[in-house]
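First up is the structure itself, then whatever we jot down about it.
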Amino acid sequence: MRRGREMGKMRTGEREPGLLTQLRRPPGGRDARIMLLAQALDRAGTGVWSAACVLYFTFVVGLDAGQLGLLLGASGVAGIAGSPLAGHLADRFPVRSLLIGTHLLRLAALCLLLVVTDFALLLAVVAVTHLGDRAAKTLEMLFATRVAGDRRATYQALSRSSANAGYALGAGLAAIGLAVGTRGAYQVLILADALSFLAAAALVWRTREPRGRGRVTASASASASDEAPKAPGTAPAGPSPWRDRGYLRFVLLDIPMNLDDSILAIGIPLWLVNHTTAPHELVPAFLVINTVLVVVLQLRVSAKVRGPRQAAGAVALYGLTTLLCCALLAAATGGGAWAASAALLAAAVLVTAAELMRSVSSWELAVCLAPREARASYLGVAGMAQSVQKSAGPLLLTGVVMAAGPAGWLALGAGVAGLSLVQRRCSLRRLDRLAAAESAAPATAAA
């Protein structure tokens, strides 16, 4: 009855509740609210460590630039395995238990950084940390989509808003430790991140395991056999995402649909420093713009996208917005400091708009394009797109796009826009095939 009232409210066009109201009463109720708090604390700790890690490895551990690049690159590659591993295990074991274990693994790995200085051991420790980070993100969304059901897009918006707020808080706290600059101050920052993992694990322990082992959304119409819990370690029968060419094509095309992350964090700041006359003091404003807009607008943008077909349309908007952003970056080299600053700030707004589009399209399509009986393992593979982009995106921008100058940005924008149209068309075709297969199944059973 409650879901019926919610759907009726949306059909009649009644205004969506505000961010704070929905954070108090998120889709999924009590368990979702606890998970959102756990994610916010987790991201606050991540913000602390992200702001401090490069300086810690440089000034405390004593790594040179080559070692630091190898360390971060290897850890990024290790993180790619986190999503499919989490999806594979989630088909066989409770998501809640896996997530608690992942937080504790990250806690142990981060604490080892306080005593490990050997470079080979650092490679292993940081690789485990990044693998756990990606696995945790996938498990969080698997948990959320099971408890939030058809309102998973709204939950995703709340998750991103609270996570961005937590990340910004953590980065602000890190600034205090960085200002002190002593070895002890850096160690306090590491412990703060570790404590965030411990707090997140304790909060997840207070939640209940969602129904639907191996299923992302346990629908009301599901059969009793679908709802029945399976013994731990029992693998559900279902197709493998690694043999599904259509789904792998979606994941492959989703990699460039995540480039907004590298454009914001690496592309725009480096372009400002090396190719424009804009003041360097402008760089922190890009993160501020992104954080504020995501917190304020994510819920509103998500409310406009209902269902997988609208999500496919959002992919095309992502490509167009990215193209406009890249065009502004290309034009930022042609004027003085004021013109360059205005172009770069507008590009930061546009790349944030692209991020908002991506956040409501990528996960929704990943869920709806996967077979219902094996969605956990499929979503684990889908999570690889973001991990691959985090490893390859910086290299693409620094080694190819910026080396080619303004033409490189225009080529990148045109490429992403073209691929977004391909992604949209392929997604709609797969949705049509899945809908036809589902409608044919009852007819076959009746016959």
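Each chain in the structure tokens gets a letter, A, B and so on, in the order shown; residues start at 1 in every chain, and ligands are counted from 1 in the order they appear.
The neighbours of A:His275 here are the residues that come within 12 Å of it, using only C-alpha atoms and leaving out any residue fewer than 6 positions away in the same chain; they are A:Gly267, A:Ile268, A:Pro269, A:Leu329, A:Ala330, A:Ala331, A:Ala332, A:Thr333, A:Gly334, A:Gly335, A:Gly336, A:Ala337, A:Ala340, A:Ser341, A:Leu344, A:Met402, A:Ala403, A:Ala404, A:Gly405, A:Pro406.
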Could those residues be written to a file, using N, CA and C atoms, as a PDB file, in the first residue's frame?
ATOM      1  N   GLY A 267      42.101  16.541 -15.800  1.00  0.00           N
ATOM      2  CA  GLY A 267      42.147  17.276 -17.050  1.00  0.00           C
ATOM      3  C   GLY A 267      42.047  18.777 -16.890  1.00  0.00           C
ATOM      4  N   ILE A 268      41.018  19.258 -16.195  1.00  0.00           N
ATOM      5  CA  ILE A 268      40.818  20.707 -16.057  1.00  0.00           C
ATOM      6  C   ILE A 268      41.946  21.365 -15.259  1.00  0.00           C
ATOM      7  N   PRO A 269      42.364  20.817 -14.091  1.00  0.00           N
ATOM      8  CA  PRO A 269      43.471  21.474 -13.367  1.00  0.00           C
ATOM      9  C   PRO A 269      44.772  21.524 -14.172  1.00  0.00           C
ATOM     10  N   LEU A 329      36.973  23.837 -22.945  1.00  0.00           N
ATOM     11  CA  LEU A 329      38.383  23.662 -22.585  1.00  0.00           C
ATOM     12  C   LEU A 329      39.292  23.990 -23.758  1.00  0.00           C
ATOM     13  N   ALA A 330      38.883  23.590 -24.957  1.00  0.00           N
ATOM     14  CA  ALA A 330      39.678  23.920 -26.141  1.00  0.00           C
ATOM     15  C   ALA A 330      39.728  25.420 -26.365  1.00  0.00           C
ATOM     16  N   ALA A 331      38.624  26.114 -26.064  1.00  0.00           N
ATOM     17  CA  ALA A 331      38.565  27.562 -26.287  1.00  0.00           C
ATOM     18  C   ALA A 331      39.256  28.346 -25.180  1.00  0.00           C
ATOM     19  N   ALA A 332      39.561  27.712 -24.039  1.00  0.00           N
ATOM     20  CA  ALA A 332      40.133  28.429 -22.899  1.00  0.00           C
ATOM     21  C   ALA A 332      41.540  28.942 -23.169  1.00  0.00           C
ATOM     22  N   THR A 333      42.195  28.439 -24.208  1.00  0.00           N
ATOM     23  CA  THR A 333      43.573  28.862 -24.499  1.00  0.00           C
ATOM     24  C   THR A 333      43.622  30.110 -25.368  1.00  0.00           C
ATOM     25  N   GLY A 334      42.479  30.550 -25.878  1.00  0.00           N
ATOM     26  CA  GLY A 334      42.500  31.615 -26.864  1.00  0.00           C
ATOM     27  C   GLY A 334      42.323  33.018 -26.334  1.00  0.00           C
ATOM     28  N   GLY A 335      42.162  33.211 -25.028  1.00  0.00           N
ATOM     29  CA  GLY A 335      41.915  34.543 -24.488  1.00  0.00           C
ATOM     30  C   GLY A 335      42.818  34.860 -23.315  1.00  0.00           C
ATOM     31  N   GLY A 336      42.492  35.936 -22.622  1.00  0.00           N
ATOM     32  CA  GLY A 336      43.254  36.338 -21.451  1.00  0.00           C
ATOM     33  C   GLY A 336      42.854  35.566 -20.217  1.00  0.00           C
ATOM     34  N   ALA A 337      43.336  36.033 -19.066  1.00  0.00           N
ATOM     35  CA  ALA A 337      43.100  35.324 -17.809  1.00  0.00           C
ATOM     36  C   ALA A 337      41.628  35.285 -17.446  1.00  0.00           C
ATOM     37  N   ALA A 340      39.776  32.890 -19.874  1.00  0.00           N
ATOM     38  CA  ALA A 340      40.153  31.508 -19.573  1.00  0.00           C
ATOM     39  C   ALA A 340      39.496  31.031 -18.283  1.00  0.00           C
ATOM     40  N   SER A 341      39.478  31.907 -17.267  1.00  0.00           N
ATOM     41  CA  SER A 341      38.857  31.532 -15.994  1.00  0.00           C
ATOM     42  C   SER A 341      37.373  31.252 -16.169  1.00  0.00           C
ATOM     43  N   LEU A 344      36.925  27.897 -17.993  1.00  0.00           N
ATOM     44  CA  LEU A 344      37.244  26.743 -17.139  1.00  0.00           C
ATOM     45  C   LEU A 344      36.171  26.517 -16.078  1.00  0.00           C
ATOM     46  N   MET A 402      45.766  16.036 -23.949  1.00  0.00           N
ATOM     47  CA  MET A 402      46.456  17.305 -23.717  1.00  0.00           C
ATOM     48  C   MET A 402      47.714  17.452 -24.556  1.00  0.00           C
ATOM     49  N   ALA A 403      48.322  16.338 -24.945  1.00  0.00           N
ATOM     50  CA  ALA A 403      49.478  16.414 -25.837  1.00  0.00           C
ATOM     51  C   ALA A 403      49.082  16.930 -27.217  1.00  0.00           C
ATOM     52  N   ALA A 404      47.835  16.676 -27.621  1.00  0.00           N
ATOM     53  CA  ALA A 404      47.348  17.134 -28.923  1.00  0.00           C
ATOM     54  C   ALA A 404      46.824  18.565 -28.888  1.00  0.00           C
ATOM     55  N   GLY A 405      46.749  19.180 -27.711  1.00  0.00           N
ATOM     56  CA  GLY A 405      46.286  20.553 -27.619  1.00  0.00           C
ATOM     57  C   GLY A 405      44.774  20.670 -27.713  1.00  0.00           C
ATOM     58  N   PRO A 406      44.266  21.836 -28.107  1.00  0.00           N
ATOM     59  CA  PRO A 406      42.815  22.029 -28.208  1.00  0.00           C
ATOM     60  C   PRO A 406      42.128  21.005 -29.103  1.00  0.00           C
TER      61      PRO A 406
END
From the options A:Glu355, A:Asp150, A:Asp244, A:Glu281, which residue's atoms come nearest to A:Leu259, counting only C-alpha atoms?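 Among A:Glu355, A:Asp150, A:Asp244, A:Glu281, it is A:Glu355 that comes nearest to A:Leu259.
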Non-local contacts of A:Ala303 (9 Å; only C-alpha atoms; under 4 positions in same chain excluded) as an MDAnalysis selection string: chainID A and resid 16 153:154 157 298:299
Contact residues around A:Val128 with only C-alpha atoms at 9 Å, ignoring same-chain residues under 5 positions, as a PyMOL selection string: chain A and resi 75+78-79+105-106+109+123+133
